[in-house]
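Asks: Provided herewith: coords-v4.tsv, TSV, C-alpha atoms.
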```tsv
chain	number	residue	atom	x	y	z
A	1026	MET	CA	-39.21	-158.46	-138.18
A	1027	LYS	CA	-36.90	-156.05	-136.43
A	1028	ALA	CA	-37.63	-156.45	-132.74
A	1029	THR	CA	-37.28	-153.43	-130.51
A	1030	GLU	CA	-35.12	-153.48	-127.41
A	1031	LEU	CA	-38.32	-153.51	-125.31
A	1032	THR	CA	-39.56	-156.66	-127.09
A	1033	LEU	CA	-36.25	-158.43	-126.51
A	1034	GLN	CA	-36.32	-157.42	-122.84
A	1035	GLN	CA	-39.89	-158.69	-122.43
A	1036	ILE	CA	-39.02	-162.06	-123.98
A	1037	GLU	CA	-35.84	-162.34	-121.88
A	1038	ARG	CA	-37.83	-161.54	-118.73
A	1039	ALA	CA	-40.30	-164.32	-119.64
A	1040	ILE	CA	-37.43	-166.76	-120.16
A	1041	ARG	CA	-35.92	-165.78	-116.78
A	1042	LYS	CA	-39.27	-166.42	-115.07
A	1043	ILE	CA	-39.41	-169.85	-116.70
A	1044	ALA	CA	-35.84	-170.61	-115.60
A	1045	ASP	CA	-36.78	-169.55	-112.05
A	1046	LYS	CA	-39.32	-172.42	-112.00
A	1047	PHE	CA	-36.47	-174.86	-112.68
A	1048	PRO	CA	-33.62	-173.57	-110.47
A	1049	HIS	CA	-30.08	-174.74	-111.18
A	1050	ASN	CA	-29.42	-175.82	-107.60
A	1051	GLU	CA	-32.13	-178.50	-107.72
A	1052	GLU	CA	-31.54	-181.98	-109.08
A	1053	ALA	CA	-32.87	-182.38	-112.61
A	1054	ASN	CA	-35.81	-184.69	-112.25
A	1055	VAL	CA	-38.36	-183.00	-114.49
A	1056	MET	CA	-38.69	-184.29	-118.01
A	1057	THR	CA	-40.36	-181.70	-120.23
A	1058	ASP	CA	-40.03	-179.37	-123.17
A	1059	ILE	CA	-40.99	-175.71	-123.01
A	1060	HIS	CA	-43.75	-174.73	-125.42
A	1061	PHE	CA	-44.18	-171.04	-126.28
A	1062	ARG	CA	-47.60	-170.06	-127.61
A	1063	VAL	CA	-48.10	-166.66	-129.13
A	1064	THR	CA	-51.46	-165.06	-129.83
A	1065	GLN	CA	-50.89	-162.68	-132.70
A	1066	ASP	CA	-53.77	-160.25	-132.14
A	1067	THR	CA	-53.33	-159.83	-128.37
A	1068	GLY	CA	-49.53	-160.09	-128.18
A	1069	GLU	CA	-49.87	-162.70	-125.46
A	1070	LEU	CA	-46.90	-165.02	-124.92
A	1071	MET	CA	-47.55	-168.11	-122.84
A	1072	ALA	CA	-45.20	-170.92	-121.86
A	1073	PHE	CA	-46.36	-174.46	-121.14
A	1074	ASP	CA	-44.78	-177.75	-120.16
A	1075	ASP	CA	-45.46	-181.09	-121.88
A	1076	ASN	CA	-48.55	-181.60	-119.71
A	1077	ASP	CA	-50.01	-178.35	-121.06
A	1078	GLU	CA	-49.65	-176.72	-117.65
A	1079	GLU	CA	-48.96	-173.01	-117.84
A	1080	ILE	CA	-45.52	-171.95	-116.64
A	1081	ASN	CA	-45.60	-168.26	-117.52
A	1082	ARG	CA	-47.67	-165.63	-119.31
A	1083	CYS	CA	-46.90	-162.10	-120.46
A	1084	ILE	CA	-47.79	-159.55	-123.12
A	1085	ILE	CA	-45.33	-158.48	-125.82
A	1086	GLU	CA	-46.54	-154.96	-126.47
A	1087	GLU	CA	-45.04	-154.65	-129.96
A	1088	TRP	CA	-47.03	-157.72	-131.08
A	1089	ILE	CA	-50.46	-156.46	-129.99
A	1090	GLY	CA	-52.66	-156.17	-133.06
A	1091	ASP	CA	-49.97	-157.38	-135.46
A	1092	THR	CA	-51.85	-158.55	-138.55
A	1093	SER	CA	-48.92	-159.37	-140.81
A	1094	ASP	CA	-49.20	-162.59	-142.78
A	1095	ASN	CA	-45.62	-163.59	-142.07
A	1096	PHE	CA	-45.72	-163.00	-138.30
A	1097	PHE	CA	-45.10	-166.65	-137.38
A	1098	GLU	CA	-42.30	-166.91	-139.93
A	1099	GLU	CA	-40.46	-163.91	-138.49
A	1100	ILE	CA	-40.71	-164.34	-134.72
A	1101	PRO	CA	-38.64	-167.54	-134.40
A	1102	SER	CA	-35.46	-165.56	-135.09
A	1103	VAL	CA	-36.42	-163.08	-132.35
A	1104	PHE	CA	-36.87	-165.92	-129.86
A	1105	ARG	CA	-33.63	-167.59	-130.95
A	1106	LYS	CA	-31.72	-164.36	-130.40
A	1107	CYS	CA	-33.03	-164.13	-126.82
A	1108	LEU	CA	-32.50	-167.82	-126.09
A	1109	ASP	CA	-28.96	-167.71	-127.43
A	1110	LYS	CA	-28.20	-164.63	-125.32
A	1111	MET	CA	-29.46	-166.49	-122.23
A	1112	LYS	CA	-27.73	-169.76	-123.11
A	1113	ASN	CA	-25.99	-170.15	-119.74
A	1114	THR	CA	-29.23	-169.68	-117.79
A	1115	ILE	CA	-31.16	-172.06	-120.04
A	1116	GLU	CA	-28.58	-174.82	-120.06
A	1117	ASN	CA	-28.46	-174.83	-116.26
A	1118	MET	CA	-32.20	-175.28	-115.76
A	1119	SER	CA	-33.08	-178.34	-113.68
A	1120	ILE	CA	-34.78	-180.19	-116.53
A	1121	LEU	CA	-33.53	-183.56	-117.76
A	1122	LYS	CA	-31.61	-183.22	-121.00
A	1123	PRO	CA	-32.30	-183.23	-123.85
A	1124	PHE	CA	-35.13	-180.69	-123.82
A	1125	SER	CA	-36.35	-178.15	-126.32
A	1126	PHE	CA	-37.97	-174.77	-126.59
A	1127	VAL	CA	-40.72	-174.99	-129.21
A	1128	LEU	CA	-42.85	-172.24	-130.77
A	1129	GLU	CA	-46.52	-173.02	-131.31
A	1130	ASN	CA	-49.44	-171.08	-132.70
A	1131	GLU	CA	-52.77	-170.55	-130.93
A	1132	GLU	CA	-54.00	-173.98	-132.11
A	1133	LYS	CA	-51.03	-175.68	-130.40
A	1134	GLU	CA	-49.45	-176.51	-133.76
A	1135	SER	CA	-45.68	-176.59	-133.71
A	1136	ILE	CA	-44.17	-173.83	-135.85
A	1137	ALA	CA	-40.46	-174.08	-135.03
A	1138	GLU	CA	-38.01	-175.77	-132.73
A	1139	LEU	CA	-36.25	-172.75	-131.27
A	1140	TYR	CA	-33.51	-174.20	-129.12
A	1141	LEU	CA	-32.36	-177.66	-128.13
A	1142	VAL	CA	-30.58	-178.13	-124.83
A	1143	ASP	CA	-28.33	-181.16	-124.95
A	1144	ASP	CA	-24.72	-181.80	-124.06
A	1145	GLU	CA	-23.85	-183.18	-127.49
A	1146	THR	CA	-26.21	-181.54	-130.01
A	1147	VAL	CA	-26.57	-177.98	-131.22
A	1148	ILE	CA	-29.29	-176.60	-133.47
A	1149	ILE	CA	-28.04	-173.81	-135.70
A	1150	ASP	CA	-30.38	-170.95	-136.49
A	1151	PRO	CA	-31.77	-171.64	-139.99
A	1152	ASP	CA	-31.39	-167.94	-140.83
A	1153	LEU	CA	-27.63	-168.39	-140.57
A	1154	MET	CA	-27.77	-171.31	-142.97
A	1155	GLN	CA	-29.75	-169.58	-145.75
A	1156	GLY	CA	-27.78	-169.51	-148.97
A	1157	LEU	CA	-25.01	-171.71	-147.60
A	1158	GLY	CA	-25.51	-174.33	-150.31
A	1159	GLU	CA	-25.20	-171.73	-153.06
A	1160	ASP	CA	-22.11	-170.22	-151.43
A	1161	LEU	CA	-20.45	-173.65	-151.19
A	1162	ASP	CA	-21.32	-174.43	-154.83
A	1163	ALA	CA	-19.81	-171.13	-155.99
A	1164	PHE	CA	-16.70	-171.75	-153.89
A	1165	PHE	CA	-16.30	-175.24	-155.35
A	1166	GLU	CA	-16.70	-173.94	-158.91
A	1167	GLU	CA	-13.95	-171.35	-158.27
A	1168	LEU	CA	-11.64	-174.06	-156.97
A	1169	MET	CA	-12.30	-176.22	-160.02
A	1170	LYS	CA	-11.54	-173.34	-162.43
A	1171	LYS	CA	-8.05	-172.89	-160.97
A	1172	ASP	CA	-6.92	-176.37	-161.97
```
Turn the structure described in the file into structure tokens.
Replies:
Amino acid sequence: MKATELTLQQIERAIRKIADKFPHNEEANVMTDIHFRVTQDTGELMAFDDNDEEINRCIIEEWIGDTSDNFFEEIPSVFRKCLDKMKNTIENMSILKPFSFVLENEEKESIAELYLVDDETVIIDPDLMQGLGEDLDAFFEELMKKD
């Protein structure tokens, strides 16, 4: 899914509104993950804490009426792009670390862990890792041929 600039801006605005609920200047005393729920037919994006309390809600216009079968397989990379761009804001939220941003479907089923905030751990976007094993195998074979 190629997200438009408007879609990226709408997701980033939603993330900023979530971060505003956990300002950097406050002591981190909240222990929660952030759960994004997307409704495919309405384009609604909602964010919840671990207690299922709503933190934010907005509409992603490009997603309204999207009926593609691979919708939930494609949107994690869109979220990850926005979360990575806003890394500084996210990592300074007043939430006890480690915490995660998780994508869920309408039935509250986890689809993907989007971003983990921790001082020592980094989750790499799986899209970046596709084909890495094959590339390493080919590289190793080339090295072995030279001997």
Asks: Report as a tab-separated table: every residue of range 1092-1134 of chain A with an atom at most 8 Å from range 1051-1061 of chain A, its closest pair of atoms, and their distance in Å to one decimal, counting only C-alpha atoms, with rows sorted by chain and ascending residue number.
Replies:
```
residue	atom	partner	partner_atom	distance
A:Met1118	CA	A:Ala1053	CA	7.8
A:Ser1119	CA	A:Ala1053	CA	4.2
A:Ile1120	CA	A:Ala1053	CA	4.9
A:Leu1121	CA	A:Met1056	CA	5.2
A:Lys1122	CA	A:Met1056	CA	7.8
A:Phe1124	CA	A:Asp1058	CA	5.1
A:Ser1125	CA	A:Asp1058	CA	5.0
A:Phe1126	CA	A:Ile1059	CA	4.8
A:Val1127	CA	A:His1060	CA	4.9
A:Leu1128	CA	A:Phe1061	CA	4.8
A:Glu1129	CA	A:Phe1061	CA	5.9
```
Asks: Store the residues picked out above in a file with C-alpha atoms, as a PDB file, keeping the file's coordinate frame.
Replies:
```pdb
ATOM      1  CA  MET A1118     -32.200-175.280-115.760  1.00  0.00           C
ATOM      2  CA  SER A1119     -33.080-178.340-113.680  1.00  0.00           C
ATOM      3  CA  ILE A1120     -34.780-180.190-116.530  1.00  0.00           C
ATOM      4  CA  LEU A1121     -33.530-183.560-117.760  1.00  0.00           C
ATOM      5  CA  LYS A1122     -31.610-183.220-121.000  1.00  0.00           C
ATOM      6  CA  PHE A1124     -35.130-180.690-123.820  1.00  0.00           C
ATOM      7  CA  SER A1125     -36.350-178.150-126.320  1.00  0.00           C
ATOM      8  CA  PHE A1126     -37.970-174.770-126.590  1.00  0.00           C
ATOM      9  CA  VAL A1127     -40.720-174.990-129.210  1.00  0.00           C
ATOM     10  CA  LEU A1128     -42.850-172.240-130.770  1.00  0.00           C
ATOM     11  CA  GLU A1129     -46.520-173.020-131.310  1.00  0.00           C
TER      12      GLU A1129
END
```
Asks: Go ahead and find all residues with at least one atom no further than 12 Å from (-53.5, -165.4, -136.2) in the file's coordinates, using only C-alpha atoms; report them as a PyMOL selection string.
Replies: chain A and resi 1062-1069+1088-1098+1129-1132
Asks: Limited to C-alpha atoms, could you put the picked residues into a file as a short mmCIF file (atom, residue, chain, number, x, y, z; two decimals), in the coordinates of the input?
Replies:
```cif
data_model
loop_
_atom_site.label_atom_id
_atom_site.label_comp_id
_atom_site.auth_asym_id
_atom_site.auth_seq_id
_atom_site.Cartn_x
_atom_site.Cartn_y
_atom_site.Cartn_z
CA ARG A 1062 -47.60 -170.06 -127.61
CA VAL A 1063 -48.10 -166.66 -129.13
CA THR A 1064 -51.46 -165.06 -129.83
CA GLN A 1065 -50.89 -162.68 -132.70
CA ASP A 1066 -53.77 -160.25 -132.14
CA THR A 1067 -53.33 -159.83 -128.37
CA GLY A 1068 -49.53 -160.09 -128.18
CA GLU A 1069 -49.87 -162.70 -125.46
CA TRP A 1088 -47.03 -157.72 -131.08
CA ILE A 1089 -50.46 -156.46 -129.99
CA GLY A 1090 -52.66 -156.17 -133.06
CA ASP A 1091 -49.97 -157.38 -135.46
CA THR A 1092 -51.85 -158.55 -138.55
CA SER A 1093 -48.92 -159.37 -140.81
CA ASP A 1094 -49.20 -162.59 -142.78
CA ASN A 1095 -45.62 -163.59 -142.07
CA PHE A 1096 -45.72 -163.00 -138.30
CA PHE A 1097 -45.10 -166.65 -137.38
CA GLU A 1098 -42.30 -166.91 -139.93
CA GLU A 1129 -46.52 -173.02 -131.31
CA ASN A 1130 -49.44 -171.08 -132.70
CA GLU A 1131 -52.77 -170.55 -130.93
CA GLU A 1132 -54.00 -173.98 -132.11
#
```
Asks: Might you pull out every residue within 9 Å of Gln1035 in chain A, with all atoms listed in the file counted and same-chain residues fewer than 5 positions away left off, and present them as a PyMOL selection string?
Replies: chain A and resi 1030+1040+1083-1086
Asks: Taking all atoms listed in the file into account, which of A:Ile1115, A:Met1071, A:Ala1028, A:Ala1163 comes nearest Lys1133 in chain A?
Replies: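 Among A:Ile1115, A:Met1071, A:Ala1028, A:Ala1163, it is A:Met1071 that comes nearest to Lys1133 in chain A.
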Asks: Which residues come within 8 Å of Cys1107 in chain A, counting all atoms listed in the file, excluding same-chain residues fewer than 5 positions away, as a PyMOL selection string?
Replies: chain A and resi 1033+1036-1037
Asks: If you keep C-alpha atoms, can you produce a file of those selected residues as a PDB file, in the frame of the given file?
Replies:
```
ATOM      1  CA  LEU A1033     -36.250-158.430-126.510  1.00  0.00           C
ATOM      2  CA  ILE A1036     -39.020-162.060-123.980  1.00  0.00           C
ATOM      3  CA  GLU A1037     -35.840-162.340-121.880  1.00  0.00           C
TER       4      GLU A1037
END
```
Asks: Tell me, in Å to one decimal, how far CA of Asn1117 in chain A is from CA of Leu1139 in chain A.
Replies: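 Separation between CA of Asn1117 in chain A and CA of Leu1139 in chain A: 17.0 Å.
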Asks: Give me, please, the distance in Å between CA of Phe1104 in chain A and CA of Leu1141 in chain A, quoted to one decimal.
Replies: 12.7 Å
Asks: Using Å and a single decimal, report how far CA of Val1142 in chain A sits from CA of Pro1123 in chain A.
Replies: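 For CA of Pro1123 in chain A relative to CA of Val1142 in chain A, the distance reads 5.5 Å.
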Asks: Taking all atoms of range 1048-1060 of chain A that appear in the file, build a box with edges along x, y and z, extend it by 5 Å on every side, and state its centre and edge lengths in Å to one decimal, as AutoDock Vina command-line options.
Replies:
```
--center_x -36.6 --center_y -179.1 --center_z -116.5 --size_x 24.3 --size_y 21.1 --size_z 27.8
```
